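Chemist: structure18.txt is reproduced in full below (compact mmCIF, C-alpha atoms and all ligand atoms).
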# COMPACT_ATOMS: atom_id res chain seq x y z
CA THR H 92 0.00 0.00 0.00
CA SER H 93 1.10 3.53 -0.62
CA GLN H 94 2.50 5.78 2.05
CA ALA H 95 3.10 8.96 0.07
CA LEU H 96 0.76 11.91 0.06
CA VAL H 97 -0.80 12.84 -3.24
CA PRO H 98 1.22 15.66 -4.85
CA ASN H 99 -0.43 19.02 -4.38
CA GLU H 100 -0.61 20.88 -7.69
CA GLU H 101 -1.65 24.09 -6.02
CA GLU H 102 1.83 24.42 -4.57
CA TYR H 103 3.39 24.63 -8.03
CA GLU H 104 4.26 28.16 -9.10
CA THR H 105 3.57 29.14 -12.71
CA PHE H 106 5.57 31.68 -14.72
CA GLN H 107 5.11 33.54 -17.98
CA GLY H 108 8.04 33.77 -20.41
CA VAL H 109 11.67 32.63 -20.18
CA GLN H 110 13.11 33.27 -16.71
CA PRO H 111 16.81 33.47 -15.76
CA TRP H 112 16.71 29.91 -14.33
CA ASP H 113 15.25 28.56 -17.57
CA ARG H 114 18.22 29.98 -19.40
CA LEU H 115 20.53 27.89 -17.17
CA SER H 116 19.26 24.78 -18.93
CA VAL H 117 21.24 25.81 -22.02
CA GLN H 118 24.01 27.89 -20.38
CA ILE H 119 26.31 25.17 -19.19
CA SER H 120 29.88 24.83 -17.93
CA ILE H 121 31.98 21.79 -18.66
CA PRO H 122 35.47 20.91 -17.38
CA ASP H 123 38.30 21.84 -19.76
CA SER H 124 39.44 18.22 -19.94
CA PHE H 125 36.01 17.15 -21.15
CA PHE H 126 35.93 20.05 -23.61
CA GLN H 127 39.23 18.80 -25.09
CA ARG H 128 37.74 15.34 -25.52
CA LEU H 129 34.76 16.85 -27.33
CA LEU H 130 37.07 18.84 -29.61
CA ASN H 131 39.07 15.73 -30.45
CA GLY H 132 35.94 13.69 -30.95
CA GLU H 133 37.10 11.20 -28.36
CA GLU H 134 33.73 10.89 -26.65
CA PHE H 135 32.23 9.45 -29.77
CA THR H 136 35.01 7.83 -31.73
CA THR H 137 37.06 5.88 -29.20
CA LYS H 138 36.24 3.26 -26.66
CA TYR H 139 34.68 5.14 -23.78
CA GLU H 140 37.22 5.53 -21.01
CA ARG H 141 37.12 8.05 -18.24
CA ASP H 142 39.92 10.57 -18.19
CA ASP H 143 42.20 9.27 -15.41
CA ASN H 144 43.49 12.76 -14.75
CA TYR H 145 40.04 14.18 -14.24
CA ASN H 146 39.36 14.98 -10.63
CA ALA H 147 35.84 16.26 -10.09
CA SER H 148 36.64 17.76 -6.69
CA SER H 149 39.79 19.58 -7.79
CA ASN H 150 39.74 23.37 -7.57
CA GLN H 151 42.37 23.44 -10.30
CA GLN H 152 39.91 22.34 -12.96
CA GLN H 153 39.10 25.09 -15.48
CA TYR H 154 35.62 25.26 -16.97
CA LYS H 155 34.34 26.27 -20.39
CA LYS H 156 31.05 28.07 -20.71
CA LEU H 157 28.95 26.92 -23.62
CA ILE H 158 25.45 27.29 -25.02
CA LEU H 159 24.05 23.79 -25.23
CA PHE H 160 22.56 22.78 -28.57
CA ALA H 161 22.71 19.05 -27.87
CA GLY H 162 20.35 18.43 -24.95
CA ASN H 163 16.83 17.06 -24.85
CA ASP H 164 15.32 19.37 -22.21
CA PHE H 165 13.22 20.87 -24.99
CA LEU H 166 10.87 22.85 -22.75
CA ALA H 167 13.76 24.06 -20.52
CA LEU H 168 12.09 22.67 -17.40
CA GLY H 169 15.25 21.33 -15.78
CA ARG H 170 15.72 24.36 -13.49
CA HIS H 171 12.10 25.18 -12.78
CA PRO H 172 11.70 26.16 -9.10
CA ALA H 173 8.32 24.40 -8.71
CA ILE H 174 9.86 21.13 -9.89
CA ALA H 175 12.92 21.51 -7.64
CA LYS H 176 10.67 22.28 -4.66
CA ALA H 177 8.45 19.25 -5.28
CA THR H 178 11.54 17.01 -5.60
CA ILE H 179 13.14 18.25 -2.37
CA LYS H 180 9.90 17.96 -0.44
CA ALA H 181 9.36 14.37 -1.60
CA ALA H 182 12.98 13.45 -0.78
CA ALA H 183 12.66 14.87 2.72
CA GLU H 184 9.37 13.06 3.32
CA HIS H 185 10.09 9.74 1.64
CA GLY H 186 13.84 9.34 1.18
CA THR H 187 15.71 8.71 -2.04
CA GLY H 188 15.58 4.98 -2.68
CA PRO H 189 13.05 3.24 -4.92
CA ARG H 190 12.25 0.71 -2.14
CA GLY H 191 11.75 -2.07 -4.68
CA SER H 192 10.21 -3.03 -7.98
CA PRO H 193 6.79 -1.59 -8.85
CA LEU H 194 4.86 -4.83 -8.40
CA VAL H 195 6.46 -5.62 -5.04
CA CYS H 196 6.62 -2.41 -3.00
CA GLY H 197 7.95 0.41 -5.20
CA TYR H 198 4.68 2.18 -6.01
CA THR H 199 3.29 5.11 -4.05
CA ASP H 200 0.52 7.63 -4.64
CA TYR H 201 3.07 9.71 -6.56
CA HIS H 202 3.56 6.92 -9.10
CA ILE H 203 -0.15 6.36 -9.40
CA ALA H 204 -0.80 10.10 -9.88
CA LEU H 205 1.95 10.26 -12.50
CA GLU H 206 0.54 7.30 -14.41
CA SER H 207 -2.94 8.75 -14.45
CA GLY H 208 -1.62 12.20 -15.47
CA LEU H 209 0.27 10.64 -18.38
CA ALA H 210 -2.75 8.55 -19.42
CA GLN H 211 -4.83 11.75 -19.46
CA LEU H 212 -2.19 13.61 -21.48
CA LYS H 213 -2.13 10.82 -24.06
CA LYS H 214 -5.94 10.35 -24.00
CA LYS H 215 -5.63 6.70 -23.03
CA GLU H 216 -7.38 4.64 -20.34
CA ALA H 217 -4.18 3.68 -18.56
CA CYS H 218 -0.44 4.13 -18.40
CA LEU H 219 2.47 2.03 -17.18
CA LEU H 220 5.63 3.68 -15.86
CA CYS H 221 8.89 1.96 -16.84
CA PRO H 222 12.47 2.63 -15.69
CA THR H 223 13.42 4.32 -19.00
CA GLY H 224 12.07 4.87 -22.49
CA PHE H 225 14.44 2.14 -23.66
CA SER H 226 12.97 -0.39 -21.25
CA ALA H 227 9.42 0.76 -22.09
CA ASN H 228 9.96 -0.22 -25.72
CA MET H 229 11.62 -3.48 -24.69
CA ALA H 230 8.69 -4.33 -22.38
CA ALA H 231 6.06 -3.45 -25.00
CA MET H 232 7.76 -5.42 -27.81
CA VAL H 233 8.44 -8.48 -25.66
CA ALA H 234 4.84 -8.45 -24.41
CA ILE H 235 3.51 -8.28 -27.98
CA GLY H 236 5.87 -11.11 -28.92
CA SER H 237 4.55 -13.30 -26.09
CA ILE H 238 0.96 -13.36 -27.38
CA ALA H 239 1.28 -16.04 -30.07
CA PRO H 240 3.18 -18.56 -27.86
CA LEU H 241 0.50 -18.07 -25.19
CA LEU H 242 -2.34 -18.76 -27.62
CA SER H 243 -0.83 -21.66 -29.52
CA ALA H 244 -0.97 -25.27 -28.45
CA GLY H 245 2.35 -26.31 -26.91
CA GLY H 246 3.64 -22.71 -26.91
CA LYS H 247 5.15 -23.08 -30.38
CA PRO H 248 3.15 -21.00 -32.85
CA THR H 249 3.18 -21.79 -36.55
CA VAL H 250 4.21 -19.00 -38.96
CA GLU H 251 0.53 -18.16 -39.60
CA GLU H 252 -0.14 -17.92 -35.87
CA LYS H 253 2.74 -15.54 -35.24
CA ILE H 254 2.33 -11.76 -35.18
CA ALA H 255 3.70 -9.82 -38.14
CA VAL H 256 5.44 -6.66 -36.91
CA PHE H 257 6.18 -3.93 -39.46
CA SER H 258 8.92 -1.60 -38.29
CA ASP H 259 10.29 1.62 -39.86
CA SER H 260 13.90 1.16 -40.97
CA LEU H 261 15.07 4.10 -38.82
CA ASN H 262 13.24 3.16 -35.63
CA HIS H 263 15.03 3.71 -32.36
CA ALA H 264 17.51 1.10 -31.11
CA SER H 265 15.20 0.17 -28.23
CA ILE H 266 12.44 -0.85 -30.67
CA VAL H 267 14.93 -2.77 -32.82
CA ASP H 268 16.40 -4.59 -29.82
CA GLY H 269 12.98 -5.22 -28.27
CA LEU H 270 11.77 -6.80 -31.49
CA GLN H 271 14.89 -8.95 -31.82
CA LEU H 272 14.44 -10.22 -28.29
CA ALA H 273 10.73 -10.88 -28.85
CA LYS H 274 11.56 -12.76 -32.06
CA GLN H 275 13.90 -15.07 -30.16
CA HIS H 276 10.89 -16.14 -28.08
CA GLY H 277 9.30 -17.38 -31.29
CA GLY H 278 6.19 -15.20 -31.30
CA LEU H 279 6.70 -12.77 -34.17
CA GLU H 280 8.17 -12.08 -37.58
CA ILE H 281 9.73 -8.69 -38.32
CA PHE H 282 9.20 -6.82 -41.59
CA VAL H 283 11.24 -3.62 -41.99
CA TYR H 284 9.68 -1.00 -44.26
CA ARG H 285 11.55 1.82 -45.95
CA HIS H 286 11.84 4.90 -43.78
CA CYS H 287 8.56 6.87 -43.64
CA ASP H 288 7.36 5.12 -46.80
CA PRO H 289 3.63 4.31 -46.52
CA ILE H 290 3.58 2.92 -50.08
CA HIS H 291 6.20 0.32 -49.21
CA LEU H 292 4.42 -0.42 -45.93
CA ASP H 293 1.10 -0.86 -47.76
CA ALA H 294 2.71 -3.30 -50.20
CA LEU H 295 4.27 -5.35 -47.39
CA LEU H 296 0.98 -5.42 -45.47
CA THR H 297 -0.95 -6.46 -48.57
CA SER H 298 1.36 -9.35 -49.37
CA CYS H 299 1.53 -10.59 -45.77
CA LYS H 300 -0.52 -13.72 -45.13
CA MET H 301 -0.25 -13.53 -41.35
CA GLU H 302 -3.47 -12.50 -39.69
CA LYS H 303 -2.32 -10.48 -36.69
CA LYS H 304 -0.37 -7.34 -37.64
CA VAL H 305 1.37 -4.59 -35.71
CA VAL H 306 3.01 -1.43 -37.09
CA VAL H 307 5.58 0.29 -34.91
CA THR H 308 7.24 3.63 -35.57
CA ASP H 309 9.01 6.53 -33.89
CA SER H 310 6.76 9.60 -34.05
CA LEU H 311 9.71 11.95 -34.53
CA PHE H 312 12.96 10.36 -35.62
CA SER H 313 15.79 11.06 -33.25
CA MET H 314 18.58 11.53 -35.78
CA ASP H 315 16.86 13.22 -38.73
CA GLY H 316 14.18 15.15 -36.87
CA ASP H 317 11.45 14.15 -39.33
CA PHE H 318 7.90 13.16 -38.42
CA ALA H 319 6.42 9.74 -39.18
CA PRO H 320 3.67 9.97 -41.83
CA MET H 321 0.94 9.84 -39.18
CA VAL H 322 -1.98 10.67 -41.49
CA GLU H 323 -1.04 7.91 -43.95
CA LEU H 324 -0.42 5.43 -41.14
CA VAL H 325 -3.89 6.07 -39.76
CA LYS H 326 -5.37 5.47 -43.25
CA LEU H 327 -3.42 2.22 -43.57
CA ARG H 328 -4.58 1.14 -40.11
CA LYS H 329 -8.16 1.53 -41.28
CA LYS H 330 -7.44 -0.45 -44.45
CA HIS H 331 -5.43 -3.32 -42.90
CA GLY H 332 -6.66 -3.34 -39.29
CA PHE H 333 -3.28 -3.47 -37.56
CA LEU H 334 -2.33 -2.42 -34.04
CA LEU H 335 -0.48 0.91 -34.24
CA VAL H 336 2.35 1.46 -31.75
CA VAL H 337 4.07 4.85 -31.73
CA ASP H 338 7.19 5.86 -29.80
CA ASP H 339 6.59 9.53 -29.05
CA ALA H 340 9.87 10.05 -27.21
CA HIS H 341 10.73 13.40 -28.81
CA GLY H 342 7.19 14.68 -29.27
CA SER H 343 5.66 14.17 -25.82
CA PHE H 344 5.08 17.45 -23.91
CA VAL H 345 6.50 19.42 -26.88
CA PHE H 346 3.92 19.01 -29.65
CA GLY H 347 0.15 19.30 -29.63
CA LYS H 348 -1.73 22.19 -28.05
CA ASN H 349 -1.72 20.45 -24.66
CA GLY H 350 1.66 18.79 -25.00
CA GLY H 351 0.02 15.47 -25.87
CA GLY H 352 2.78 14.93 -28.43
CA VAL H 353 2.92 14.13 -32.12
CA THR H 354 -0.29 12.10 -31.88
CA GLU H 355 -2.12 15.21 -30.61
CA GLU H 356 -0.40 17.40 -33.19
CA PHE H 357 -1.65 15.15 -36.01
CA ASN H 358 -5.01 14.67 -34.34
CA CYS H 359 -4.75 10.88 -34.15
CA GLN H 360 -4.69 10.10 -30.45
CA ASP H 361 -7.63 7.68 -30.79
CA GLU H 362 -6.13 5.86 -33.77
CA VAL H 363 -2.80 5.11 -32.11
CA ASP H 364 -3.32 2.06 -29.90
CA ILE H 365 -0.18 2.15 -27.79
CA VAL H 366 1.99 5.21 -27.18
CA VAL H 367 5.43 4.71 -25.72
CA GLY H 368 7.28 7.72 -24.38
CA THR H 369 10.23 8.89 -22.39
CA LEU H 370 10.36 11.29 -19.46
CA SER H 371 14.01 12.18 -20.14
CA LYS H 372 13.35 14.73 -22.87
CA GLY H 373 10.34 17.10 -22.74
CA ALA H 374 9.72 16.29 -19.06
CA ALA H 375 13.34 16.95 -18.01
CA SER H 376 13.38 13.87 -15.80
CA ILE H 377 14.11 10.19 -16.32
CA GLY H 378 11.86 7.23 -17.01
CA GLY H 379 9.62 5.80 -19.68
CA PHE H 380 5.94 5.06 -20.02
CA ILE H 381 3.43 3.10 -22.07
CA ALA H 382 0.00 4.72 -22.50
CA CYS H 383 -2.67 2.27 -23.67
CA SER H 384 -5.92 0.51 -22.75
CA LYS H 385 -6.37 -1.10 -19.31
CA ILE H 386 -6.17 -4.55 -20.88
CA TRP H 387 -2.90 -3.80 -22.63
CA LYS H 388 -1.49 -2.34 -19.43
CA GLN H 389 -2.39 -5.50 -17.50
CA PHE H 390 -0.86 -7.63 -20.20
CA ILE H 391 2.38 -5.65 -20.52
CA GLN H 392 2.84 -5.51 -16.77
CA SER H 393 2.54 -9.27 -16.58
CA ARG H 394 4.71 -10.05 -19.63
CA GLY H 395 7.09 -7.09 -20.13
CA ARG H 396 10.14 -8.33 -18.27
CA ALA H 397 11.98 -4.99 -18.64
CA PHE H 398 9.16 -3.52 -16.49
CA ILE H 399 8.67 -6.40 -14.05
CA PHE H 400 12.28 -7.03 -13.09
CA SER H 401 13.49 -3.47 -12.54
CA ALA H 402 13.16 -0.96 -9.72
CA ALA H 403 10.41 1.65 -9.49
CA HIS H 404 11.26 5.33 -9.67
CA PRO H 405 12.37 6.80 -6.36
CA VAL H 406 9.57 8.96 -4.93
CA PRO H 407 11.46 12.27 -5.46
CA LEU H 408 11.79 11.44 -9.16
CA ALA H 409 8.14 10.48 -9.47
CA ALA H 410 7.31 13.76 -7.70
CA ALA H 411 9.65 15.73 -9.97
CA THR H 412 8.11 14.21 -13.08
CA TYR H 413 4.60 14.81 -11.86
CA ALA H 414 5.52 18.46 -11.26
CA SER H 415 7.01 18.64 -14.79
CA LEU H 416 3.79 17.27 -16.22
CA VAL H 417 1.76 19.95 -14.45
CA VAL H 418 4.17 22.79 -15.28
CA ALA H 419 4.34 21.71 -18.94
CA ARG H 420 0.53 21.84 -19.01
CA ASN H 421 0.27 25.18 -17.16
CA GLU H 422 2.99 26.95 -19.15
CA PRO H 423 1.98 26.41 -22.80
CA TRP H 424 4.20 29.35 -23.82
CA ARG H 425 7.15 26.94 -23.63
CA ARG H 426 5.80 24.96 -26.59
CA LEU H 427 5.28 28.20 -28.51
CA GLU H 428 8.88 29.24 -27.80
CA VAL H 429 10.17 25.96 -29.25
CA ARG H 430 8.10 26.59 -32.39
CA LYS H 431 9.47 30.13 -32.67
CA ARG H 432 13.04 28.79 -32.55
CA ILE H 433 12.25 26.21 -35.25
CA ARG H 434 10.77 28.95 -37.46
CA GLU H 435 13.76 31.21 -36.87
CA PHE H 436 16.16 28.48 -37.95
CA GLN H 437 14.00 27.83 -41.03
CA ALA H 438 13.87 31.53 -41.91
CA LEU H 439 17.61 32.10 -41.49
CA THR H 440 18.69 29.05 -43.47
CA GLY H 441 15.83 28.25 -45.84
CA ILE H 442 16.14 24.64 -44.68
CA PRO H 443 12.70 23.06 -44.29
CA VAL H 444 13.27 21.59 -40.84
CA GLU H 445 10.25 19.89 -39.31
CA SER H 446 11.00 19.87 -35.62
CA GLN H 447 13.30 20.92 -32.79
CA VAL H 448 15.71 18.14 -33.77
CA LEU H 449 17.88 19.43 -36.61
CA SER H 450 20.22 17.32 -38.58
CA VAL H 451 22.50 19.48 -40.64
CA ILE H 452 24.14 17.23 -43.19
CA ILE H 453 27.11 19.07 -44.64
CA GLY H 454 29.25 16.40 -46.23
CA SER H 455 32.26 14.34 -45.23
CA LYS H 456 33.21 13.32 -41.74
CA GLU H 457 36.23 15.68 -41.90
CA LYS H 458 34.15 18.69 -42.94
CA THR H 459 31.49 17.93 -40.34
CA TRP H 460 34.16 17.79 -37.64
CA GLN H 461 35.79 21.00 -38.89
CA VAL H 462 32.51 22.91 -38.54
CA ASN H 463 31.80 21.21 -35.22
CA ARG H 464 35.18 22.29 -33.83
CA GLU H 465 34.55 25.89 -34.86
CA LEU H 466 31.14 25.80 -33.18
CA LEU H 467 32.67 24.42 -29.97
CA THR H 468 35.50 26.95 -29.87
CA SER H 469 32.93 29.71 -30.47
CA GLY H 470 31.04 28.57 -27.38
CA LEU H 471 28.28 26.46 -28.96
CA TYR H 472 27.95 22.87 -27.79
CA VAL H 473 26.87 20.94 -30.90
CA VAL H 474 27.72 17.32 -31.60
CA ALA H 475 28.87 15.71 -34.82
CA ILE H 476 27.26 12.29 -35.13
CA GLY H 477 27.88 9.63 -37.75
CA PRO H 478 27.83 5.88 -38.28
CA PRO H 479 26.89 3.67 -36.51
CA VAL H 480 24.63 6.00 -34.49
CA ALA H 481 23.31 7.80 -37.60
CA ASN H 482 23.52 6.62 -41.20
CA THR H 483 25.47 9.66 -42.45
CA TRP H 484 27.68 12.29 -40.83
CA ARG H 485 25.82 15.32 -39.59
CA LEU H 486 25.68 18.06 -37.01
CA ARG H 487 22.84 17.16 -34.72
CA VAL H 488 21.39 20.28 -33.17
CA THR H 489 18.48 20.55 -30.77
CA LEU H 490 16.49 23.70 -30.10
CA THR H 491 14.76 24.45 -26.82
CA ALA H 492 12.41 27.01 -25.29
CA ALA H 493 15.39 28.67 -23.57
CA HIS H 494 17.43 29.49 -26.67
CA THR H 495 17.39 33.08 -27.86
CA THR H 496 17.17 34.51 -31.36
CA GLU H 497 20.79 35.59 -30.86
CA ASP H 498 21.87 32.00 -30.10
CA ILE H 499 20.26 30.79 -33.33
CA ARG H 500 21.83 33.62 -35.35
CA LYS H 501 25.26 32.77 -34.00
CA LEU H 502 24.78 29.08 -34.79
CA VAL H 503 23.63 29.77 -38.34
CA LYS H 504 26.40 32.34 -38.95
CA ILE H 505 29.15 29.87 -38.01
CA ILE H 506 27.73 27.03 -40.09
CA SER H 507 27.32 29.43 -43.04
CA ASN H 508 31.06 30.22 -42.89
CA HIS H 509 31.54 26.70 -44.25
CA VAL H 510 28.48 25.82 -46.32
CA LYS H 511 25.97 27.67 -48.44
CA PHE H 512 22.49 26.93 -47.21
CA GLU H 513 21.03 27.55 -50.68
CA ASP H 514 23.12 24.61 -51.94
CA MET H 515 21.53 22.43 -49.31
CA GLU H 516 18.03 22.05 -50.71
CA ASN H 517 18.48 18.32 -50.45
CA TYR H 518 20.60 18.59 -47.38
CA ASN H 519 18.63 15.91 -45.65
CA PRO H 520 16.73 13.55 -47.92
CA ASN H 521 14.61 12.36 -45.02
CA LEU H 522 12.80 15.65 -44.59
CA HIS H 523 9.44 15.69 -46.30
CA VAL H 524 7.78 18.85 -45.15
CA LYS H 525 4.01 18.75 -45.15
N1 LIG H 601 12.91 6.16 -28.14
C1 LIG H 601 13.46 7.17 -28.83
C2 LIG H 601 12.90 7.53 -30.18
C3 LIG H 601 14.54 7.88 -28.30
O1 LIG H 601 15.11 8.87 -28.99
C4 LIG H 601 15.03 7.52 -27.02
C5 LIG H 601 16.18 8.27 -26.38
N2 LIG H 601 17.26 8.49 -27.18
C6 LIG H 601 14.45 6.45 -26.37
C7 LIG H 601 13.38 5.81 -26.94
C8 LIG H 601 14.97 5.97 -25.05
O2 LIG H 601 14.54 6.79 -24.01
P1 LIG H 601 15.32 6.81 -22.61
O3 LIG H 601 16.44 7.77 -22.74
O4 LIG H 601 14.28 7.26 -21.64
O5 LIG H 601 15.78 5.41 -22.35
Write the structure described by the file as structure tokens, please.
Ligand code: PMP
Modeler:
Amino acid sequence: TSQALVPNEEEYETFQGVQPWDRLSVQISIPDSFFQRLLNGEEFTTKYERDDNYNASSNQQQYKKLILFAGNDFLALGRHPAIAKATIKAAAEHGTGPRGSPLVCGYTDYHIALESGLAQLKKKEACLLCPTGFSANMAAMVAIGSIAPLLSAGGKPTVEEKIAVFSDSLNHASIVDGLQLAKQHGGLEIFVYRHCDPIHLDALLTSCKMEKKVVVTDSLFSMDGDFAPMVELVKLRKKHGFLLVVDDAHGSFVFGKNGGGVTEEFNCQDEVDIVVGTLSKGAASIGGFIACSKIWKQFIQSRGRAFIFSAAHPVPLAAATYASLVVARNEPWRRLEVRKRIREFQALTGIPVESQVLSVIIGSKEKTWQVNRELLTSGLYVVAIGPPVANTWRLRVTLTAAHTTEDIRKLVKIISNHVKFEDMENYNPNLHVK
């Protein structure tokens, strides 16, 4: 049984417009030694080893001040006083540990309130909190993969009895790994369709003889920043009658009038059966969730091993996330600020970016690193990302509610020292602006 008090929303202060503490979410300081590693590309290109000479408590360490264009705190909630206050209060009252796994003794009223707040946000009957977004996808995929073995005699389904899962070729690693694991249990076959290509998906669905079908896609792709073709997917769902699973990791809290995510933005909350999300981006916290029907929730919490066999969120984190949820709802201007920044970047470059995740593809690895180094030495923290994390080399830039017009101008000016934006009409073939 729960011991925590229900979080009191009335205690949360609301603000209008970017405040000095919001700005701290993009004004960061990093140790010089780490800055050098970033400049040399060591964080991404070599085996990850901690710098043996780095001493966090040393007063000798010099720091570099940078404007962060690589984080996922899109609404700039990470320094919000109401969230900090709720976290501290919950820590003082309930301690820091998670106590145990959710099904044993880890859940409190805070967790229950958070689940019902997320279900409401996503317009679903129920919601299941998971340790991370990664584990939420693993749990959902493994649960889906366990259906056919459960239904078939002897636990060994024939090909026709298995579930056919259609997965976008650029889906997140956690979906890919979840599906691979589920496949090993013998309950599903995986069909990968070309990235955001409803025509290819339609053809694969039409030729598939298996009766039970699932389509799974990211809502907003984490490397290219493009949206899944939600309208077409909904049409195909009507035609083929599949279960539609959407990972709204980057869209939740950010898109849609109420922050309901990409599914709210494209007005298809009812047509998406299961929404997976993370709390580590728009909600400035940590954790994952699965919003769905009550039946699906019951099923996933009894079959999704990544949920069952991991600890619950510590109460202060559940309290922090609940406060984020309320603040994100009460301060809609944050979503408008993100949109303004996207439009500013579009206007300054002519690049038809779709979202707050920008992938500026400028050519070879060497050239990408050259521009990246200039950005870093000019005080802008941007990362160059390439294979195997992304399929081509690019500068991956993220925009947040706390960036200023000046920040964007500076970013664009430095990139334009090296490339002409007008030559970049096809700079990212994955963008298909609607
Ligand atoms: N899905 C997508 C599309 C993501 O981008 C991420 C985070 N990179 C995740 C899932 C995993 O979320 P988390 O960080 O909460 O594990």
Chemist: Each residue of chain H lying at most 10 Å from ligand LIG 601 (chain H) should get a row with its shortest atom-to-atom pair and the distance in Å to one decimal, counting only C-alpha atoms and all ligand atoms; could you produce that, ordered by chain and increasing number, as CSV?
Modeler:
residue,atom,partner,partner_atom,distance
H:Asn163,CA,H:LIG601,N2,8.9
H:Cys221,CA,H:LIG601,O4,9.0
H:Pro222,CA,H:LIG601,O4,7.8
H:Thr223,CA,H:LIG601,O4,4.0
H:Gly224,CA,H:LIG601,O4,3.4
H:Phe225,CA,H:LIG601,O5,3.8
H:Ser226,CA,H:LIG601,O5,6.5
H:Ala227,CA,H:LIG601,O5,7.9
H:Asn228,CA,H:LIG601,C7,7.0
H:Met229,CA,H:LIG601,C7,9.7
H:Leu261,CA,H:LIG601,C2,9.5
H:Asn262,CA,H:LIG601,C2,7.0
H:His263,CA,H:LIG601,C2,4.9
H:Ala264,CA,H:LIG601,N1,7.5
H:Ser265,CA,H:LIG601,C7,6.1
H:Ile266,CA,H:LIG601,N1,7.5
H:Thr308,CA,H:LIG601,C2,8.7
H:Asp309,CA,H:LIG601,C2,5.5
H:Ser310,CA,H:LIG601,C2,7.5
H:Leu311,CA,H:LIG601,C2,7.0
H:Phe312,CA,H:LIG601,C2,6.1
H:Ser313,CA,H:LIG601,O1,4.8
H:Met314,CA,H:LIG601,O1,8.1
H:Val337,CA,H:LIG601,C2,9.4
H:Asp338,CA,H:LIG601,C2,6.0
H:Asp339,CA,H:LIG601,C2,6.7
H:Ala340,CA,H:LIG601,C1,4.9
H:His341,CA,H:LIG601,O1,6.3
H:Gly342,CA,H:LIG601,C2,9.2
H:Val367,CA,H:LIG601,N1,8.0
H:Gly368,CA,H:LIG601,C7,6.9
H:Thr369,CA,H:LIG601,O4,4.4
H:Leu370,CA,H:LIG601,O4,6.0
H:Ser371,CA,H:LIG601,O4,5.2
H:Lys372,CA,H:LIG601,O3,7.6
H:Ser376,CA,H:LIG601,O4,8.9
H:Ile377,CA,H:LIG601,O4,6.1
H:Gly378,CA,H:LIG601,O4,5.2
H:Gly379,CA,H:LIG601,O4,5.3
H:Phe380,CA,H:LIG601,O4,8.8
Chemist: So which one's closest to Val117 (chain H), H:Leu129, H:Leu157, H:Ile505, H:Ala410? Using all atoms listed in the file, please.
Modeler: H:Leu157
Chemist: Extract, using all atoms listed in the file, all DNA, RNA and protein residues at most 8 Å from Thr489 (chain H), discarding same-chain residues fewer than 5 positions from it, and format them as a list in words.
Modeler: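 Neighbouring residues, sequence-local ones excluded: Phe160, Ala161, Gly162, Asn163, Phe165, Gln447, Val448 and Leu449 of chain H.
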Chemist: Between H:Glu252, H:Phe390, H:Lys214, H:Leu408, which residue has the minimum interatomic distance to Glu362 (chain H), considering all atoms listed in the file?
Modeler: H:Lys214
Chemist: Which is closest to Gly395 (chain H) among H:Gln211, H:Phe257, H:Ala167, H:Ser237, if we use all atoms listed in the file?
Modeler: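 Closest candidate: H:Ser237.
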Chemist: Could you tell me how far CA of Val307 (chain H) sits from CA of Lys247 (chain H), in Å to one decimal place?
Modeler: 23.8 Å
Chemist: Skipping near chain neighbours, those fewer than 4 positions away, what residues fall within 10 Å of Met321 (chain H) using all atoms listed in the file, listed as an mmCIF file with C-alpha atoms, in the frame of the given file?
Modeler:
data_model
loop_
_atom_site.group_PDB
_atom_site.id
_atom_site.type_symbol
_atom_site.label_atom_id
_atom_site.label_comp_id
_atom_site.auth_asym_id
_atom_site.auth_seq_id
_atom_site.Cartn_x
_atom_site.Cartn_y
_atom_site.Cartn_z
ATOM 1 C CA CYS H 287 8.560 6.870 -43.640
ATOM 2 C CA PRO H 289 3.630 4.310 -46.520
ATOM 3 C CA THR H 308 7.240 3.630 -35.570
ATOM 4 C CA SER H 310 6.760 9.600 -34.050
ATOM 5 C CA VAL H 325 -3.890 6.070 -39.760
ATOM 6 C CA LYS H 326 -5.370 5.470 -43.250
ATOM 7 C CA LEU H 327 -3.420 2.220 -43.570
ATOM 8 C CA VAL H 337 4.070 4.850 -31.730
ATOM 9 C CA VAL H 353 2.920 14.130 -32.120
ATOM 10 C CA THR H 354 -0.290 12.100 -31.880
ATOM 11 C CA GLU H 356 -0.400 17.400 -33.190
ATOM 12 C CA PHE H 357 -1.650 15.150 -36.010
ATOM 13 C CA ASN H 358 -5.010 14.670 -34.340
ATOM 14 C CA CYS H 359 -4.750 10.880 -34.150
ATOM 15 C CA GLU H 362 -6.130 5.860 -33.770
ATOM 16 C CA VAL H 363 -2.800 5.110 -32.110
#
Chemist: Write out as a PDB file with C-alpha atoms, in the frame of the given file each polymer residue whose atoms come within 9 Å of His202 (chain H), counting all atoms listed in the file; drop sequence neighbours fewer than 5 positions from it.
Modeler:
ATOM      1  CA  GLY H 197       7.950   0.410  -5.200  1.00  0.00           C
ATOM      2  CA  SER H 207      -2.940   8.750 -14.450  1.00  0.00           C
ATOM      3  CA  LEU H 220       5.630   3.680 -15.860  1.00  0.00           C
ATOM      4  CA  ALA H 403      10.410   1.650  -9.490  1.00  0.00           C
ATOM      5  CA  HIS H 404      11.260   5.330  -9.670  1.00  0.00           C
ATOM      6  CA  VAL H 406       9.570   8.960  -4.930  1.00  0.00           C
ATOM      7  CA  ALA H 409       8.140  10.480  -9.470  1.00  0.00           C
ATOM      8  CA  ALA H 410       7.310  13.760  -7.700  1.00  0.00           C
ATOM      9  CA  TYR H 413       4.600  14.810 -11.860  1.00  0.00           C
TER      10      TYR H 413
END
